[in-house]
Each structure stands twice: as structure tokens, then as C-alpha cells.
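Novice: Dropping the structure in here first, questions after.
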Amino acid sequence: MATDRVIFHCDCNSFYASVELLSHPELRDVPVAVCGDPKSRHGIILAKNEPAKRFGIQTAETVYSALRKCPDLTLLPPHHDRYRALSRQVNAIYARYTDRVEPFGIDESWLDMTGTWHLFGSSAQQVADQIRHVVRAETGLTLSVGVSFNKVFAKLGSDYKKPYATTVIGREDFKRMVWPLPVQTLLYVGRATQKTLTGLGIRNIGQLAAADPVQLQQALGKLGPELRRYARGEDDAPVRAACEQPEVKSVGNGMTFRRDLVSRDDIAAALTALADDVAARLRSHGLLCTVVQVLIKDTDLRSITRQAPVPAPTHLARDIARAALALVDKHWPAQKPIRMLTVTAMGLTDGTDARQLSLLDPEPQCDEKREKLEKSLDAIRKKYGKASIASASRLKNDLGLRELSMETDKDEPPVP
């Protein structure tokens, strides 16, 4: 690996649960799960410790289901402020070893150690072990670290053996270690992609590496050949420096409501609140969207996703809410209860892109008054807090919209 890149992927083990157990050391050896509040209809498992995993408890399953598997399961509420603080502390430790630290969620980070590992030890594995020990000593948290010559295999390494382990996947032995693994263990292979690959007879990573790229392109679009490259060890994506910001691909926010949405007024109020948050974050990024997407989940937890272009690029809440409501009106049966909604702004642009004009349709005009109004709201919230001003429909309802926070939504970078 001397001439190769040296990439670490550091993954905090059972992060939410581990952070909670710092305050409850007496629970360390008993089954523990962190979960949302069932009374607010957020009763799903967010994280679990190792003893709970031995009972087969899964992230995102309902509390009811988890308690059936383990009646003695101890349930703890989440404390997101603590998670953010510990995440910053752990990443600050990584920054002592390299300036190229790229977080991948709150509990995982890639480190490019190519130019610095030799300053801290005699081998990359020794340095990875050192980082694990330092993080544990200073925070009480444990890490699993993958060491490899690219980001994809480094992440596979951190998942290879848990908890609290270092796994090296070198260029000379990656076929032996990686190719027998189930294809779904590869980065960016989700359930839908796994199902498609299984239909092609591809069940492990080695079969994906040997697959026909044309067939993969036909089945999965551009993702197919890209996954084949990953399987063959050809990922060359860089680890971003700490000062580099990823390109934002989409901006979205979703919520499970205190009660089901049963009327169009309920739906409109919910979409208005979600669109308000999404639009504010678009403006903070200096971006406009050209497509709006809604995800709708019913009371049986079945969901559909629909999207449509907007008439003109926008970062106004009213435009996004109108587009989202039109999608719900068109694709969701009237009076069918809705448990959860997500609104996502996609097809982002900074407004400098050329746009095809129509000779028949009038050019949409910018609503300057609305633009000034929504930017004024941004200024008030920046000065007095995000909850300082909101629409009446957001404040006067029993759906829980008052509690909706822009801190819970997600700006998504593109898949490499």
C-alpha cells in the first residue's frame, strides 16, 4: 500500500446508544435502545447497543416490535444536542491526524491519511488503532476503522468487524476479502438496487465486479457501471478537506404528525410548514429548485413518492407548497389519512443556468413582494430564532407543526 492512497473510514459504534450510555453506565451490559416518543407517533428504534442487537432488534423497527423481542429492553429518549457535540469532538480528534476529514453522517468520517500516517506510527493499521484508543480515552466512545486504498473499501472495512476493531483491505487481498460479501454490503446498494441486482443473478460483490456493464446500465442507469467500478476497486473519489463544502443536490424536510392528516386543510397546513423550512434553506444556500418532490406515507407505513417540475426556478415557500399540494391532490386518494409527509426541492440551480424560453407561454414573472417578505422572515429568524415567527396555520393546529425545526432536515450531497 506504500504507493497507494491510504484512506481511513471511522465509524462510531452504536453512536446514539453509546452517547446515552455515557450518562447511564449502569445500563452498559443490559439491552438498551434509543427511540422516539410513541406518544408523538415517533415510536421507532433509532439506535441500540450490542446486548440489544443480540435479541435481533433493528434500527427503524417499531418500539412495539422491539419489546416483543426483548420485554426487558430499556428505552431511552434521544438527545440530539449531545450527539452533535460528541460528533464535533470526535472529528476534532481526527483533524489532529489530517486536514482531509470528510464526515459521512453524524457518526462516520473518511480520513485521507496518505501524506500523514507515517508521522504517527510505523504502519497505517497502527495509526488507526491509535486513533481508536485516543477517541475512547477522550470521549468514552468506541470506533471501528476500515483502512484501504479508496473510500468504498475503507467503509467496507469499518463494517467488516465490529465493535472496536481495525480492518485493513489492501490492493493485494481485496478480492479475497471483499468479493464474497453480499452485494448489499457495498456502499450505495440499497434495497431496490439489491432487488434489481438479484434479478440479474448478482448476489455478491465479486459477481457485480464481473457483470456486463451494458446490462448494468440498462437495469440501473448510470449507477450500474459505477457500482461495478466500486466492486472492482476502481473508486477514485477524493476525501474532501474540512474547509470544502459538498455540492448540495437536494433540500428536504419531513415529519410524522401527531395525528393523521384527514382533510385537505390539514394537508395544506402541513405542506406549508414543510415548504417554509425547505425554502428558507434554499435561500441560505443561494439556490433555487426546478423540481418539487413529495413522499407520502399512510397509516400502514406504506409510502409513495411523486415529483414534478415547477413553472420557473424558485426558492419561495408559496411556490414549493403549491407544487407539493398539486402532487398530493393528483396522486393521493381524497380523504385517505396521511401519517407522514416529506417535501424535497430538487433540480437545484444558482439561477445562472440558461433556460429554454417558450414562444407561446409567457415568461413567469418574479414575485418581488413575496421575495422581500420571505427574505424578511429569514432576517427575523436569524436574529430572534427559527421559532420567532411563523404562519398561523403552523401555530394553530394539533398536528405538531409548531415543533417542526429546520435543524431536523437534510441537505443532500450527490452520490459520487
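Residue numbering restarts at 1 in every chain; chains get A, B, ... in the order shown in the C-alpha cells, and ligands count up from 1 in that same order.
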Using DSSP on the backbone coordinates, identify the residues of range 48-149 of chain A assigned to alpha helix (DSSP H); present them as number ranges by chain.

Specialist: A: 50-53, 63-69, 80-94, 124-139

Novice: When you look at Pro77 in chain A with a cut-off of 8 Å (counting only C-alpha atoms), what residues show up, excluding the ones that are within fewer than 6 positions of it in the same chain? I need them as a CSV table (one decimal) with N, CA and C atoms, in the first residue's frame.

Specialist:
```
chain,number,residue,atom,x,y,z
A,34,VAL,N,-32.4,3.5,21.9
A,34,VAL,CA,-32.8,4.9,21.9
A,34,VAL,C,-34.0,5.0,20.9
A,35,CYS,N,-35.1,5.6,21.3
A,35,CYS,CA,-36.2,5.6,20.5
A,35,CYS,C,-36.9,7.0,20.5
A,36,GLY,N,-37.8,7.2,19.5
A,36,GLY,CA,-38.6,8.4,19.5
A,36,GLY,C,-39.8,8.2,20.5
A,37,ASP,N,-40.5,9.3,20.7
A,37,ASP,CA,-41.6,9.3,21.6
A,37,ASP,C,-42.9,8.6,21.0
```

Novice: When you look at Ala323 in chain A with a cut-off of 9 Å (counting only C-alpha atoms), what residues show up, excluding the ones that are within fewer than 4 positions of it in the same chain? I need them as a compact mmCIF listing (two decimals) with N, CA, C and O atoms, in the first residue's frame.

Specialist:
```
# COMPACT_ATOMS: atom_id res chain seq x y z
N VAL A 291 -37.58 21.38 -9.45
CA VAL A 291 -38.44 20.21 -9.27
C VAL A 291 -38.82 20.11 -7.79
O VAL A 291 -37.99 20.36 -6.92
N VAL A 292 -40.08 19.76 -7.53
CA VAL A 292 -40.54 19.51 -6.17
C VAL A 292 -40.99 18.05 -6.07
O VAL A 292 -41.69 17.55 -6.95
N GLN A 293 -40.58 17.40 -4.99
CA GLN A 293 -40.94 16.01 -4.75
C GLN A 293 -41.66 15.89 -3.41
O GLN A 293 -41.31 16.58 -2.45
N GLN A 307 -42.99 13.43 -8.06
CA GLN A 307 -42.32 14.70 -8.28
C GLN A 307 -42.79 15.34 -9.58
O GLN A 307 -43.33 14.66 -10.46
N ALA A 308 -42.59 16.66 -9.67
CA ALA A 308 -43.00 17.40 -10.86
C ALA A 308 -42.18 18.68 -10.95
O ALA A 308 -41.75 19.23 -9.92
N PRO A 309 -41.94 19.18 -12.17
CA PRO A 309 -41.23 20.46 -12.32
C PRO A 309 -42.11 21.63 -11.89
O PRO A 309 -43.34 21.56 -11.92
N VAL A 310 -41.47 22.69 -11.48
CA VAL A 310 -42.19 23.93 -11.17
C VAL A 310 -42.12 24.83 -12.40
O VAL A 310 -41.23 24.68 -13.25
N ARG A 318 -44.18 29.67 -0.95
CA ARG A 318 -45.51 29.57 -1.55
C ARG A 318 -45.48 28.73 -2.82
O ARG A 318 -46.36 27.88 -3.05
N ASP A 319 -44.47 28.92 -3.66
CA ASP A 319 -44.37 28.15 -4.90
C ASP A 319 -44.15 26.67 -4.61
O ASP A 319 -44.75 25.79 -5.26
N LEU A 327 -49.30 17.89 -6.27
CA LEU A 327 -48.89 16.49 -6.36
C LEU A 327 -49.76 15.59 -5.47
O LEU A 327 -50.18 14.51 -5.88
N VAL A 328 -50.03 16.06 -4.26
CA VAL A 328 -50.87 15.27 -3.36
C VAL A 328 -52.29 15.17 -3.91
O VAL A 328 -52.90 14.10 -3.92
```

Novice: So that I can see what lies close to Glu226 in chain A, please list as a PyMOL selection string the residues with an atom at most 12 Å from it, counting only C-alpha atoms and leaving out residues fewer than 2 positions away in the same chain.

Specialist: chain A and resi 152+186-189+208-209+211+213-214+216-217+220-224+228-237+415-416

Novice: Tell me which of A:Leu373, A:Glu172, A:Arg28, A:Val63 sits closest to Ile44 in chain A, counting only C-alpha atoms.

Specialist: A:Val63

Novice: Ranking A:Pro225, A:Val32, A:Thr349, A:Tyr97 by minimum distance to Leu67 in chain A and counting only C-alpha atoms, which one comes first?

Specialist: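 When distances to Leu67 in chain A are compared using only C-alpha atoms, the smallest one comes from A:Val32.
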
Novice: May I ask for the distance between CA of Leu287 in chain A and CA of Asp350 in chain A, given in Å to one decimal place?

Specialist: 4.6 Å

Novice: What separation in Å, quoted to one decimal, exists between CA of Phe153 in chain A and CA of Leu181 in chain A?

Specialist: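 Computing the Euclidean distance for CA of Phe153 in chain A and CA of Leu181 in chain A yields 11.8 Å.
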
Novice: Just to confirm, what's the straight-line distance from CA of Ile45 in chain A to CA of Ala33 in chain A in Å (one decimal)?

Specialist: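 Taking CA of Ile45 in chain A as the start and CA of Ala33 in chain A as the end point, the length is 6.5 Å.
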
Novice: Leaving out His79 in chain A and any residue of its chain fewer than 3 positions from it, which residues lie within 8 Å of it when counting only C-alpha atoms, given as a list in words?

Specialist: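 Returned residues: Glu20, Arg82 and Tyr83 of chain A.
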
Novice: Just the residues within 8 Å of Ile296 in chain A, please, counting only C-alpha atoms, with nothing from its chain fewer than 5 positions along; format it as a ChimeraX atom specification.

Specialist: /A:303-305,338-342

Novice: Could those residues be written to a file, using N, CA and C atoms, as an mmCIF file, in the first residue's frame?

Specialist:
```
data_model
loop_
_atom_site.group_PDB
_atom_site.id
_atom_site.type_symbol
_atom_site.label_atom_id
_atom_site.label_comp_id
_atom_site.auth_asym_id
_atom_site.auth_seq_id
_atom_site.Cartn_x
_atom_site.Cartn_y
_atom_site.Cartn_z
ATOM 1 N N SER A 303 -45.688 3.851 1.504
ATOM 2 C CA SER A 303 -45.399 5.197 1.020
ATOM 3 C C SER A 303 -45.301 5.234 -0.499
ATOM 4 N N ILE A 304 -45.538 6.419 -1.043
ATOM 5 C CA ILE A 304 -45.312 6.686 -2.459
ATOM 6 C C ILE A 304 -44.507 7.966 -2.574
ATOM 7 N N THR A 305 -43.775 8.102 -3.658
ATOM 8 C CA THR A 305 -43.002 9.307 -3.945
ATOM 9 C C THR A 305 -43.374 9.809 -5.330
ATOM 10 N N ILE A 338 -53.175 10.465 6.060
ATOM 11 C CA ILE A 338 -51.736 10.549 5.834
ATOM 12 C C ILE A 338 -51.043 10.633 7.186
ATOM 13 N N ARG A 339 -50.051 9.789 7.373
ATOM 14 C CA ARG A 339 -49.293 9.774 8.629
ATOM 15 C C ARG A 339 -48.068 10.679 8.567
ATOM 16 N N MET A 340 -47.422 10.695 7.406
ATOM 17 C CA MET A 340 -46.143 11.399 7.290
ATOM 18 C C MET A 340 -45.993 12.005 5.911
ATOM 19 N N LEU A 341 -45.376 13.176 5.824
ATOM 20 C CA LEU A 341 -45.100 13.849 4.557
ATOM 21 C C LEU A 341 -43.656 14.337 4.548
ATOM 22 N N THR A 342 -43.040 14.279 3.379
ATOM 23 C CA THR A 342 -41.734 14.899 3.159
ATOM 24 C C THR A 342 -41.808 15.737 1.893
#
```

Novice: Within 7 Å of Thr290 in chain A, counting only C-alpha atoms, which residues qualify if same-chain residues fewer than 4 places away don't, as an MDAnalysis selection string?

Specialist: chainID A and resid 309:310 312:314 346:348

Novice: Using only N, CA and C atoms, please write the residues we just selected to a file, as a short mmCIF file (atom, residue, chain, number, x, y, z; two decimals), in the first residue's frame.

Specialist:
```
data_model
loop_
_atom_site.label_atom_id
_atom_site.label_comp_id
_atom_site.auth_asym_id
_atom_site.auth_seq_id
_atom_site.Cartn_x
_atom_site.Cartn_y
_atom_site.Cartn_z
N PRO A 309 -41.94 19.18 -12.17
CA PRO A 309 -41.23 20.46 -12.32
C PRO A 309 -42.11 21.63 -11.89
N VAL A 310 -41.47 22.69 -11.48
CA VAL A 310 -42.19 23.93 -11.17
C VAL A 310 -42.12 24.83 -12.40
N ALA A 312 -41.14 27.83 -12.91
CA ALA A 312 -39.89 28.58 -13.02
C ALA A 312 -39.04 28.30 -11.79
N PRO A 313 -37.72 28.37 -11.89
CA PRO A 313 -36.87 28.14 -10.73
C PRO A 313 -37.29 29.04 -9.57
N THR A 314 -37.35 28.47 -8.36
CA THR A 314 -37.88 29.22 -7.23
C THR A 314 -37.22 28.82 -5.92
N MET A 346 -35.59 19.75 -5.57
CA MET A 346 -34.59 19.07 -6.38
C MET A 346 -34.30 19.88 -7.64
N GLY A 347 -33.39 19.37 -8.45
CA GLY A 347 -33.03 20.08 -9.68
C GLY A 347 -32.52 21.47 -9.36
N LEU A 348 -31.55 21.55 -8.44
CA LEU A 348 -31.13 22.84 -7.90
C LEU A 348 -30.24 23.60 -8.87
#
```

Novice: Please determine, counting only C-alpha atoms, which residue among A:Ser144, A:Asn150, A:Asn204, A:Thr139 has the shortest atom-to-atom distance to Val239 in chain A.

Specialist: A:Asn150

Novice: Smallest atom-to-atom distance to Thr166 in chain A: which of A:Glu138, A:Glu374, A:Asp276, A:Asp11, using only C-alpha atoms?

Specialist: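 The shortest atom-to-atom distance to Thr166 in chain A comes from A:Asp11.
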
Novice: Please determine, counting only C-alpha atoms, which residue among A:Gly286, A:Phe120, A:Ala345, A:Asp112 has the shortest atom-to-atom distance to Ser250 in chain A.

Specialist: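 Among A:Gly286, A:Phe120, A:Ala345, A:Asp112, it is A:Ala345 that comes nearest to Ser250 in chain A.
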